[in-house]
>>> print(open('final-v8.txt').read())   # compact mmCIF, C-alpha atoms
# COMPACT_ATOMS: atom_id res chain seq x y z
CA MET R 266 -3.15 -28.23 -14.17
CA PRO R 267 -2.30 -24.66 -13.13
CA THR R 268 1.22 -23.31 -13.29
CA PRO R 269 2.58 -23.69 -9.74
CA PRO R 270 2.31 -20.28 -8.10
CA ASP R 271 5.71 -18.60 -8.17
CA GLY R 272 5.88 -21.42 -10.65
CA GLU R 273 8.34 -23.97 -11.82
CA ARG R 274 9.83 -21.29 -14.04
CA ARG R 275 10.89 -19.38 -10.93
CA LEU R 276 12.16 -22.31 -8.88
CA GLY R 277 15.60 -22.47 -10.46
CA ARG R 278 15.97 -18.72 -10.09
CA GLN R 279 14.87 -18.54 -6.46
CA SER R 280 16.00 -21.89 -5.03
CA PRO R 281 19.76 -22.45 -5.44
CA THR R 282 19.40 -25.98 -3.98
CA ILE R 283 17.45 -27.10 -7.06
CA LYS R 284 20.22 -28.27 -9.39
CA SER R 285 18.71 -30.96 -11.54
CA LEU R 286 15.91 -31.44 -13.99
CA ARG R 287 14.81 -34.39 -11.92
CA VAL R 288 14.15 -32.13 -8.96
CA GLN R 289 12.10 -29.78 -11.13
CA ASN R 290 10.14 -32.76 -12.41
CA ARG R 291 9.50 -33.82 -8.83
CA SER R 292 8.11 -30.35 -8.14
CA ALA R 293 5.81 -30.46 -11.16
CA ALA R 294 4.54 -33.97 -10.39
CA LEU R 295 3.84 -33.22 -6.73
CA THR R 296 2.05 -30.01 -7.67
CA GLN R 297 -0.13 -31.92 -10.13
CA LEU R 298 -1.08 -34.53 -7.56
CA ILE R 299 -1.92 -31.95 -4.89
CA THR R 300 -3.99 -29.73 -7.18
CA ASP R 301 -5.71 -32.55 -9.11
CA GLY R 302 -6.06 -34.92 -6.17
CA SER R 303 -4.94 -38.00 -8.10
CA ALA R 304 -3.21 -39.11 -11.29
CA THR R 305 -1.60 -42.09 -12.94
CA ARG R 306 2.04 -42.32 -13.93
CA ALA R 307 1.00 -41.91 -17.56
CA GLU R 308 -0.98 -38.76 -16.75
CA ILE R 309 2.00 -37.31 -14.88
CA ALA R 310 4.24 -38.07 -17.83
CA THR R 311 1.85 -36.48 -20.34
CA ALA R 312 1.10 -33.37 -18.28
CA ASN R 313 4.77 -32.64 -17.62
CA GLY R 314 6.38 -33.75 -20.85
CA LEU R 315 8.21 -36.67 -19.27
CA SER R 316 9.15 -40.07 -20.56
CA SER R 317 7.48 -43.06 -18.93
CA ALA R 318 10.77 -43.98 -17.27
CA SER R 319 11.27 -40.46 -15.86
CA ALA R 320 7.73 -40.35 -14.50
CA THR R 321 8.23 -43.76 -12.88
CA ASN R 322 11.46 -42.59 -11.23
CA ILE R 323 9.86 -39.39 -9.93
CA VAL R 324 6.89 -41.30 -8.57
CA GLY R 325 9.27 -43.70 -6.83
CA ASP R 326 11.07 -40.79 -5.19
CA LEU R 327 7.81 -39.27 -3.94
CA ILE R 328 6.59 -42.60 -2.60
CA ALA R 329 9.92 -43.07 -0.79
CA GLU R 330 9.49 -39.61 0.78
CA GLY R 331 6.08 -40.66 2.11
CA LEU R 332 4.32 -37.90 0.18
CA ILE R 333 2.29 -39.98 -2.28
CA ALA R 334 0.98 -43.53 -2.40
CA GLU R 335 -0.68 -45.99 -4.76
CA THR R 336 -4.28 -46.02 -3.64
CA GLY R 337 -6.06 -48.16 -6.19
CA LEU R 338 -6.10 -49.73 -9.61
CA LEU R 339 -7.78 -48.53 -12.79
CA ALA R 340 -8.85 -51.00 -15.45
CA SER R 341 -7.00 -50.69 -18.75
CA GLN R 342 -7.86 -52.03 -22.18
CA GLY R 343 -5.94 -55.17 -22.94
CA GLY R 344 -3.19 -54.66 -20.38
CA ARG R 345 -2.38 -54.71 -16.70
CA PRO R 346 -4.41 -52.43 -14.40
CA THR R 347 -2.96 -48.94 -13.92
CA SER R 348 -2.07 -47.70 -10.43
CA LEU R 349 -3.80 -44.57 -9.18
CA LEU R 350 -1.56 -42.21 -7.21
CA GLU R 351 -2.72 -39.74 -4.55
CA PRO R 352 -1.05 -37.48 -1.97
CA VAL R 353 -0.69 -39.00 1.49
CA ALA R 354 -2.76 -36.65 3.62
CA ASP R 355 -0.69 -37.43 6.71
CA GLY R 356 2.60 -36.96 4.85
CA ALA R 357 2.97 -33.28 5.72
CA TYR R 358 1.12 -30.44 7.41
CA PHE R 359 1.03 -26.69 6.90
CA ILE R 360 -0.20 -23.83 9.05
CA GLY R 361 -1.69 -20.69 7.58
CA ALA R 362 -2.70 -17.62 9.57
CA ASP R 363 -4.93 -14.71 8.61
CA VAL R 364 -3.51 -11.93 10.77
CA GLY R 365 -5.41 -8.67 11.24
CA GLU R 366 -5.34 -5.75 13.61
CA ARG R 367 -8.09 -7.39 15.71
CA GLY R 368 -6.64 -10.86 16.07
CA VAL R 369 -5.73 -14.01 14.19
CA ALA R 370 -7.39 -16.99 12.52
CA VAL R 371 -4.90 -19.87 12.39
CA GLU R 372 -5.65 -23.01 10.37
CA MET R 373 -3.81 -26.30 9.94
CA PHE R 374 -3.94 -28.24 6.66
CA ASP R 375 -2.75 -31.67 5.57
CA LEU R 376 -0.96 -32.50 2.33
CA THR R 377 -4.26 -32.66 0.44
CA MET R 378 -4.90 -29.10 1.70
CA HIS R 379 -7.92 -30.12 3.70
CA ARG R 380 -8.23 -28.23 6.97
CA VAL R 381 -7.72 -30.48 9.96
CA ASP R 382 -7.86 -27.91 12.77
CA GLN R 383 -8.22 -24.20 13.46
CA GLU R 384 -7.84 -21.73 16.29
CA PHE R 385 -8.88 -18.11 16.77
CA ARG R 386 -7.63 -15.37 19.09
CA GLY R 387 -8.81 -11.80 19.54
CA GLY R 388 -11.46 -10.46 17.20
CA ARG R 389 -13.23 -7.66 19.08
CA PHE R 390 -10.79 -4.80 19.51
CA GLU R 391 -7.79 -3.42 17.67
CA GLU R 392 -4.55 -4.71 19.16
CA SER R 393 -0.88 -3.76 19.17
CA PRO R 394 1.69 -5.79 17.23
CA ASP R 395 2.89 -7.31 20.51
CA ALA R 396 -0.64 -8.44 21.37
CA ILE R 397 -1.08 -9.86 17.87
CA GLY R 398 2.16 -11.80 18.34
CA ARG R 399 0.85 -13.26 21.61
CA ASP R 400 -2.41 -14.21 19.90
CA LEU R 401 -0.52 -15.93 17.11
CA THR R 402 1.81 -17.81 19.46
CA ASP R 403 -1.06 -18.92 21.70
CA ALA R 404 -3.12 -20.11 18.73
CA VAL R 405 -0.24 -22.13 17.25
CA GLU R 406 0.49 -23.63 20.67
CA ALA R 407 -3.15 -24.69 20.99
CA LEU R 408 -2.89 -26.43 17.61
CA ARG R 409 0.33 -28.14 18.68
CA LEU R 410 -1.20 -29.52 21.87
CA ARG R 411 -4.16 -30.94 19.95
CA ASN R 412 -1.97 -32.40 17.20
CA LEU R 413 1.09 -33.79 18.98
CA GLY R 414 1.23 -36.89 16.77
CA ARG R 415 1.31 -34.75 13.62
CA TRP R 416 3.58 -31.97 14.81
CA SER R 417 6.87 -33.45 13.60
CA ARG R 418 5.47 -33.32 10.06
CA VAL R 419 4.50 -29.63 10.16
CA VAL R 420 6.57 -28.05 7.39
CA GLY R 421 6.10 -24.45 8.48
CA VAL R 422 3.83 -21.51 9.14
CA GLY R 423 2.64 -18.94 6.61
CA LEU R 424 1.26 -15.55 7.64
CA GLY R 425 -1.08 -13.30 5.68
CA LEU R 426 -0.36 -9.86 7.17
CA PRO R 427 -2.15 -6.47 7.00
CA GLY R 428 0.50 -4.44 5.20
CA ILE R 429 3.60 -4.53 3.03
CA VAL R 430 5.99 -7.40 3.80
CA GLU R 431 9.59 -6.89 2.69
CA THR R 432 12.34 -9.51 2.72
CA ASP R 433 15.97 -8.47 3.00
CA ALA R 434 19.01 -10.16 1.46
CA ALA R 435 19.45 -12.35 4.54
CA GLY R 436 15.82 -13.52 4.41
CA ALA R 437 14.59 -11.46 7.37
CA GLN R 438 11.09 -10.10 6.86
CA THR R 439 9.58 -6.80 8.05
CA LEU R 440 5.94 -5.72 8.08
CA TYR R 441 5.09 -2.11 7.17
CA ALA R 442 1.47 -1.53 8.25
CA GLU R 443 1.27 2.22 7.71
CA SER R 444 -2.53 2.36 7.58
CA LEU R 445 -2.71 0.81 11.07
CA GLY R 446 -0.26 3.32 12.52
CA TRP R 447 2.20 0.56 13.44
CA PRO R 448 5.97 1.06 13.36
CA PRO R 449 7.91 -1.40 11.19
CA VAL R 450 7.46 -4.85 12.75
CA ALA R 451 10.00 -7.68 12.51
CA VAL R 452 8.02 -10.74 11.45
CA ARG R 453 10.05 -13.59 12.99
CA PRO R 454 9.51 -12.48 16.64
CA LEU R 455 5.72 -12.50 16.14
CA LEU R 456 5.74 -16.30 16.46
CA GLY R 457 7.09 -17.79 19.67
CA HIS R 458 7.71 -21.18 18.07
CA ASP R 459 10.75 -22.40 16.15
CA LEU R 460 8.81 -23.58 13.11
CA PRO R 461 9.92 -22.16 9.76
CA LEU R 462 7.99 -18.95 9.12
CA ILE R 463 7.23 -17.00 5.97
CA ALA R 464 4.92 -14.00 5.57
CA GLU R 465 3.21 -12.07 2.80
CA ASN R 466 0.57 -9.39 2.46
CA GLY R 467 -2.86 -10.93 3.10
CA ALA R 468 -4.32 -9.86 -0.24
CA LYS R 469 -1.44 -11.61 -2.01
CA THR R 470 -2.02 -14.81 -0.02
CA GLN R 471 -5.70 -14.61 -0.98
CA ALA R 472 -4.61 -14.44 -4.62
CA LYS R 473 -2.30 -17.41 -4.03
CA ALA R 474 -5.19 -19.51 -2.67
CA GLU R 475 -7.38 -18.65 -5.64
CA GLN R 476 -4.53 -19.41 -8.04
CA TRP R 477 -3.80 -22.83 -6.60
CA PHE R 478 -7.28 -24.10 -5.83
CA GLY R 479 -9.92 -21.51 -6.67
CA ALA R 480 -11.34 -19.14 -9.23
CA ALA R 481 -7.94 -18.21 -10.70
CA ARG R 482 -6.75 -21.78 -11.21
CA GLY R 483 -5.38 -22.25 -14.71
CA VAL R 484 -5.53 -18.51 -15.37
CA GLN R 485 -2.44 -16.57 -16.35
CA HIS R 486 -3.86 -13.10 -15.71
CA ALA R 487 -6.25 -12.16 -12.90
CA VAL R 488 -6.84 -9.53 -10.24
CA VAL R 489 -8.06 -10.69 -6.82
CA ALA R 490 -9.53 -7.93 -4.67
CA LEU R 491 -9.85 -8.15 -0.89
CA LEU R 492 -12.54 -5.98 0.70
CA GLY R 493 -12.69 -6.06 4.50
CA ARG R 494 -11.81 -3.48 7.11
CA GLY R 495 -8.95 -2.75 4.78
CA VAL R 496 -8.83 -3.05 1.02
CA GLY R 497 -6.11 -4.94 -0.82
CA LEU R 498 -5.28 -6.60 -4.10
CA GLY R 499 -3.34 -9.52 -5.49
CA VAL R 500 -2.36 -9.40 -9.16
CA ILE R 501 -1.60 -12.59 -11.07
CA ALA R 502 0.46 -11.70 -14.14
CA GLY R 503 1.91 -14.33 -16.43
CA GLY R 504 0.97 -17.04 -13.96
CA GLU R 505 2.79 -15.46 -11.01
CA VAL R 506 1.67 -13.27 -8.12
CA TYR R 507 3.14 -9.88 -8.95
CA ARG R 508 5.22 -8.25 -6.21
CA GLY R 509 7.10 -5.37 -7.80
CA HIS R 510 10.51 -4.10 -6.73
CA ALA R 511 10.19 -4.73 -2.97
CA SER R 512 6.83 -6.53 -2.64
CA SER R 513 4.67 -3.41 -2.27
CA ALA R 514 3.09 -3.74 -5.71
CA SER R 515 -0.72 -3.73 -6.02
CA GLU R 516 -1.45 -1.56 -2.95
CA TRP R 517 -4.74 -0.74 -4.66
CA GLY R 518 -6.48 0.19 -1.42
CA HIS R 519 -4.32 3.31 -1.21
CA VAL R 520 -4.78 4.51 -4.77
CA SER R 521 -6.66 7.81 -4.60
CA LEU R 522 -9.99 8.14 -6.38
CA ASP R 523 -10.39 11.78 -5.27
CA ARG R 524 -7.62 13.89 -3.78
CA THR R 525 -10.25 15.92 -1.88
CA GLY R 526 -12.16 12.84 -0.70
CA PRO R 527 -12.56 11.37 2.78
CA VAL R 528 -9.50 10.78 4.93
CA CYS R 529 -8.17 7.23 4.74
CA ARG R 530 -6.64 5.26 7.60
CA CYS R 531 -3.27 5.82 5.92
CA GLY R 532 -3.69 9.59 6.44
CA ARG R 533 -4.21 10.46 2.77
CA ARG R 534 -7.45 11.49 1.10
CA GLY R 535 -9.78 9.73 -1.25
CA CYS R 536 -8.17 6.28 -1.24
CA VAL R 537 -10.11 3.28 -2.50
CA GLU R 538 -10.15 2.03 1.11
CA ALA R 539 -11.67 5.33 2.27
CA TYR R 540 -14.71 4.49 0.12
CA LEU R 541 -14.86 0.69 0.18
CA GLY R 542 -13.44 -0.45 3.53
CA ALA R 543 -16.03 -1.66 6.04
CA GLY R 544 -15.56 1.36 8.30
CA ALA R 545 -15.91 3.78 5.39
CA ILE R 546 -19.14 2.17 4.18
CA LEU R 547 -20.73 2.11 7.62
CA ASP R 548 -19.53 5.64 8.46
CA ARG R 549 -21.22 6.87 5.31
CA TRP R 550 -24.47 5.15 6.31
CA ALA R 551 -24.30 6.74 9.76
CA GLU R 552 -23.50 10.13 8.22
CA LEU R 553 -26.71 9.94 6.17
CA GLY R 554 -28.77 9.01 9.22
CA GLY R 555 -28.62 5.24 9.19
CA SER R 556 -29.06 3.46 12.53
CA PHE R 557 -27.36 0.09 13.12
CA GLU R 558 -25.28 -1.90 15.59
CA GLY R 559 -21.81 -3.33 15.17
CA SER R 560 -19.11 -2.79 12.61
CA GLY R 561 -18.64 -6.18 11.01
CA TRP R 562 -20.33 -8.90 8.98
CA GLY R 563 -23.74 -8.34 10.57
CA ALA R 564 -23.71 -4.56 10.07
CA ILE R 565 -22.89 -4.86 6.36
CA GLY R 566 -25.66 -7.45 6.09
CA ARG R 567 -28.13 -5.08 7.73
CA LEU R 568 -27.19 -2.38 5.21
CA LEU R 569 -27.98 -4.73 2.35
CA ASP R 570 -31.18 -5.93 4.03
CA ALA R 571 -32.33 -2.33 4.51
CA THR R 572 -31.64 -1.58 0.86
CA GLU R 573 -33.70 -4.55 -0.29
CA ALA R 574 -36.49 -3.47 2.08
CA GLY R 575 -36.67 -0.10 0.32
CA ASP R 576 -34.75 2.10 2.79
CA ALA R 577 -33.74 5.10 0.68
CA THR R 578 -30.74 6.03 2.82
CA ALA R 579 -29.31 2.51 2.76
CA GLY R 580 -30.01 2.37 -0.95
CA GLN R 581 -28.04 5.55 -1.53
CA VAL R 582 -25.04 4.11 0.34
CA VAL R 583 -25.17 0.87 -1.65
CA ASP R 584 -25.47 2.81 -4.92
CA GLU R 585 -22.34 4.76 -3.98
CA VAL R 586 -20.48 1.59 -3.04
CA VAL R 587 -21.35 -0.08 -6.35
CA ALA R 588 -20.38 3.04 -8.31
CA ASN R 589 -17.05 3.46 -6.52
CA LEU R 590 -16.21 -0.23 -6.68
CA GLY R 591 -17.07 -0.32 -10.37
CA VAL R 592 -14.79 2.64 -11.12
CA ALA R 593 -11.95 1.15 -9.07
CA LEU R 594 -12.29 -2.26 -10.75
CA GLY R 595 -12.61 -0.70 -14.19
CA GLY R 596 -9.26 0.99 -13.63
CA LEU R 597 -7.70 -2.38 -12.77
CA VAL R 598 -9.16 -3.90 -15.92
CA ASN R 599 -7.57 -1.15 -18.00
CA LEU R 600 -4.24 -1.54 -16.22
CA TYR R 601 -3.90 -5.33 -16.16
CA ASN R 602 -6.26 -6.76 -18.83
CA PRO R 603 -7.24 -9.70 -16.59
CA GLU R 604 -9.09 -12.80 -17.68
CA ARG R 605 -10.85 -12.85 -14.32
CA VAL R 606 -11.67 -10.30 -11.66
CA ILE R 607 -12.20 -12.07 -8.33
CA ILE R 608 -13.72 -10.42 -5.27
CA GLY R 609 -13.01 -11.69 -1.75
CA GLY R 610 -12.68 -10.49 1.81
CA TRP R 611 -15.68 -10.53 4.11
CA VAL R 612 -17.13 -7.27 2.79
CA GLY R 613 -16.52 -8.42 -0.77
CA ILE R 614 -18.26 -11.72 -0.07
CA ARG R 615 -21.33 -9.91 1.27
CA LEU R 616 -21.46 -7.60 -1.72
CA MET R 617 -21.00 -10.38 -4.26
CA GLU R 618 -23.79 -12.45 -2.68
CA ARG R 619 -26.36 -9.85 -3.72
CA LEU R 620 -24.81 -7.32 -6.06
CA SER R 621 -22.52 -9.27 -8.41
CA GLU R 622 -24.43 -8.39 -11.58
CA ARG R 623 -24.51 -4.69 -10.73
CA ILE R 624 -20.84 -4.67 -9.82
CA GLU R 625 -19.86 -6.43 -13.05
CA SER R 626 -21.91 -4.13 -15.28
CA THR R 627 -20.56 -1.03 -13.51
CA ALA R 628 -16.96 -2.25 -13.80
CA LYS R 629 -17.40 -3.03 -17.49
CA ALA R 630 -18.88 0.41 -18.08
CA ALA R 631 -15.91 2.02 -16.32
CA ALA R 632 -13.32 0.13 -18.38
CA LEU R 633 -12.34 0.48 -22.00
CA ARG R 634 -14.67 -1.51 -24.21
CA ARG R 635 -12.21 -4.15 -25.44
CA PRO R 636 -10.65 -5.20 -22.10
CA ALA R 637 -14.14 -4.99 -20.58
CA GLU R 638 -15.24 -7.72 -22.99
CA GLN R 639 -12.40 -9.99 -21.92
CA PHE R 640 -12.90 -10.54 -18.19
CA THR R 641 -15.33 -12.45 -16.02
CA LEU R 642 -16.25 -11.34 -12.50
CA LEU R 643 -16.31 -14.10 -9.87
CA PRO R 644 -16.51 -14.36 -6.07
CA CYS R 645 -13.58 -15.89 -4.22
CA THR R 646 -13.88 -19.62 -3.71
CA PHE R 647 -13.17 -20.16 -0.03
CA GLY R 648 -14.95 -17.33 1.76
CA GLY R 649 -13.40 -16.24 5.01
CA ASP R 650 -10.72 -18.96 4.91
CA THR R 651 -9.05 -17.71 1.74
CA VAL R 652 -6.21 -15.68 3.28
CA ALA R 653 -5.28 -18.52 5.66
CA ILE R 654 -5.35 -21.09 2.86
CA GLY R 655 -3.07 -18.91 0.74
CA ALA R 656 -0.76 -18.39 3.71
CA ALA R 657 -0.52 -22.17 4.18
CA VAL R 658 0.35 -22.54 0.49
CA MET R 659 3.68 -20.78 1.17
CA PRO R 660 5.13 -23.61 3.32
CA LEU R 661 3.56 -26.04 0.85
CA GLU R 662 5.58 -24.35 -1.89
CA SER R 663 8.73 -24.77 0.17
CA LEU R 664 8.05 -28.51 0.39
CA ILE R 665 7.41 -28.70 -3.35
CA ALA R 666 10.62 -26.78 -4.08
CA ALA R 667 12.73 -28.93 -1.75
CA PRO R 668 15.56 -31.07 -3.16
CA LEU R 669 15.12 -34.80 -3.43
CA ALA R 670 15.55 -36.68 -0.17
CA ALA R 671 18.56 -38.50 -1.65
CA GLU R 672 20.24 -35.18 -2.47
CA GLN R 673 19.49 -33.89 1.01
CA SER R 674 21.15 -36.97 2.52
CA ARG R 675 24.21 -36.55 0.33
CA ALA R 676 24.43 -32.86 1.27
CA ALA R 677 24.18 -33.74 4.98
CA ARG R 678 26.94 -36.33 4.68
CA SER R 679 29.16 -33.87 2.81
CA ALA R 680 28.59 -31.21 5.47
CA GLY R 681 29.49 -33.73 8.17
>>> encode(input="final-v8.txt", output="structure tokens")
Amino acid sequence: MPTPPDGERRLGRQSPTIKSLRVQNRSAALTQLITDGSATRAEIATANGLSSASATNIVGDLIAEGLIAETGLLASQGGRPTSLLEPVADGAYFIGADVGERGVAVEMFDLTMHRVDQEFRGGRFEESPDAIGRDLTDAVEALRLRNLGRWSRVVGVGLGLPGIVETDAAGAQTLYAESLGWPPVAVRPLLGHDLPLIAENGAKTQAKAEQWFGAARGVQHAVVALLGRGVGLGVIAGGEVYRGHASSASEWGHVSLDRTGPVCRCGRRGCVEAYLGAGAILDRWAELGGSFEGSGWGAIGRLLDATEAGDATAGQVVDEVVANLGVALGGLVNLYNPERVIIGGWVGIRLMERLSERIESTAKAAALRRPAEQFTLLPCTFGGDTVAIGAAVMPLESLIAAPLAAEQSRAARSAG
């Protein structure tokens, strides 16, 4: 079982409502059931270092909350059958949104983290923050209208945003999307619904999805790159997504590879994004005489098709992409000594489909020999849904970190 992202070790530090070991045990047990899908009381006790009595009490609490249920019996040798426990899919719901400058992809998940609905807005043209907020609100409203019977059990909304997301002492969040030319954007007003809302940089939510359910599960050290129109990174260090002093850590897309290189969207020269973002790759192809339509998934596919068909110009562009990506990844390997290097984002997915072996060998050649021997290169697990899944994990984490229902009732009575 993976360490819960922002893990159990952080819960006491970050959640002042968690006051008892029993609450922490609840968190660990619920995490195990959600990530593994099922378990017995004995397995929960063993995995979390609990006595049989403690595991039984925790399971009773979670059943009383309507979050897990006994779903079957397993035969045992010489004794009574053992009850199998599973999350109740309908026990809670979470919304995750992949928010970009061209629109939003909003997805709704149940407690087993299976997607039950989705809604898209925008997608063709770059929009202002106000327009993005309208897209987000409209998409969430469409989900609400289709899921009225479930809506009271929606825990909250998580956003994966295209920039740095800072949280102040009062909990208010602000988006700094410098590369898009946006002014600082208050996050809460983006959503015209009163659901609890939490945001994070989209590359970090991608890392969160891979840590919980994907290629970084069970891994203490990994780097998860996002290659799309922009370029981002999530770093998992010691089992936690690394944020730095004010959550701007791992802005890899704006690390300069060449101070005299092409101008990046952030206004600086030679950034990783200026070589590996979708626009940069396609601009380079056009500069060398390539002819193509579009600027998205299909255009990158046509570049790769042309390369495989022997087009020398397309081949030169792909060679440059592989070389630049290898150098950039090799630097990350030297910096972070990851067990796994995971590539996602829609451009990253396209590249990994056909070029994974070349990318891995180039990255290993660019890194120091010893750390190069210690990592494996993998594609992200969930394709284009990864950022939204990771965004939905944030309200899931708030449910997992919540105090026991009995403690909540006592607190409510005391407040009254």
>>> closest_residue(input="final-v8.txt", among="R:Ile607, R:Val430, R:Val582, R:Arg530", to="R:Leu553", atoms="only C-alpha atoms")
R:Val582
>>> closest_residue(input="final-v8.txt", among="R:Ile309, R:Ala487, R:Leu401, R:Val586", to="R:Asp363", atoms="all atoms listed in the file")
R:Leu401
>>> atom_distance(input="final-v8.txt", atom1="atom CA of R:Leu642", atom2="atom CA of R:Ala628")
9.2 Å
>>> residues_near_point(input="final-v8.txt", point="(-5.5, -27.9, 15.8)", cutoff="6 Å", atoms="all atoms listed in the file", output="VMD selection string")
chain R and resid 382 to 383 408 411 to 412
>>> residues_around(input="final-v8.txt", residues="R:Trp517", least_positions_apart="2", cutoff="12 Å", atoms="only C-alpha atoms", output="ChimeraX atom specification")
/R:428-429,468-469,488-492,495-500,513-515,519-522,536-539,541-542,590,593-594,596-597,600
>>> closest_atom_pairs(input="final-v8.txt", of="stretch 441-519 of chain R", to="stretch 286-303 of chain R", cutoff="12 Å", atoms="all atoms listed in the file", output="JSON lines")
{"residue": "R:Ala474", "atom": "CA", "partner": "R:Thr300", "partner_atom": "CA", "distance": 11.2}
{"residue": "R:Glu475", "atom": "CA", "partner": "R:Thr300", "partner_atom": "CA", "distance": 11.7}
{"residue": "R:Gln476", "atom": "CA", "partner": "R:Thr300", "partner_atom": "CA", "distance": 10.4}
{"residue": "R:Trp477", "atom": "CA", "partner": "R:Thr300", "partner_atom": "CA", "distance": 6.9}
{"residue": "R:Phe478", "atom": "CA", "partner": "R:Thr300", "partner_atom": "CA", "distance": 6.7}
{"residue": "R:Gly479", "atom": "CA", "partner": "R:Thr300", "partner_atom": "CA", "distance": 10.1}
{"residue": "R:Arg482", "atom": "CA", "partner": "R:Thr300", "partner_atom": "CA", "distance": 9.3}
{"residue": "R:Gly483", "atom": "CA", "partner": "R:Thr300", "partner_atom": "CA", "distance": 10.7}
>>> residues_around(input="final-v8.txt", residues="stretch 569-579 of chain R", least_positions_apart="2", cutoff="9 Å", atoms="all atoms listed in the file", output="VMD selection string")
chain R and resid 550 553 to 555 564 to 567 581 to 584 615 to 616 619
>>> atom_distance(input="final-v8.txt", atom1="atom CA of R:Leu350", atom2="atom CA of R:Cys645")
29.1 Å
>>> atom_distance(input="final-v8.txt", atom1="atom CA of R:Val598", atom2="atom CA of R:Trp562")
27.7 Å
>>> closest_residue(input="final-v8.txt", among="R:Leu332, R:Ala307, R:Leu547, R:Ala632", to="R:Ala320", atoms="all atoms listed in the file")
R:Ala307
>>> closest_atom_pairs(input="final-v8.txt", of="stretch 308-378 of chain R", to="stretch 385-396 of chain R", cutoff="7 Å", atoms="all atoms listed in the file", output="tab-separated table")
residue	atom	partner	partner_atom	distance
R:Glu366	CA	R:Glu391	CA	5.3
R:Arg367	CA	R:Glu391	CA	4.4
R:Gly368	CA	R:Gly387	CA	4.2
R:Val369	CA	R:Arg386	CA	5.4
R:Ala370	CA	R:Phe385	CA	4.6
R:Val371	CA	R:Phe385	CA	6.2
>>> write_last_selection(input="final-v8.txt", atoms="C-alpha atoms", output="JSON list (two decimals), in the frame of the given file")
[["chain", "number", "residue", "atom", "x", "y", "z"],
["R", 366, "GLU", "CA", -5.34, -5.75, 13.61],
["R", 367, "ARG", "CA", -8.09, -7.39, 15.71],
["R", 368, "GLY", "CA", -6.64, -10.86, 16.07],
["R", 369, "VAL", "CA", -5.73, -14.01, 14.19],
["R", 370, "ALA", "CA", -7.39, -16.99, 12.52],
["R", 371, "VAL", "CA", -4.90, -19.87, 12.39]]
>>> closest_residue(input="final-v8.txt", among="R:Thr336, R:Asn602, R:Ser285, R:Thr347", to="R:Arg306", atoms="all atoms listed in the file")
R:Thr347
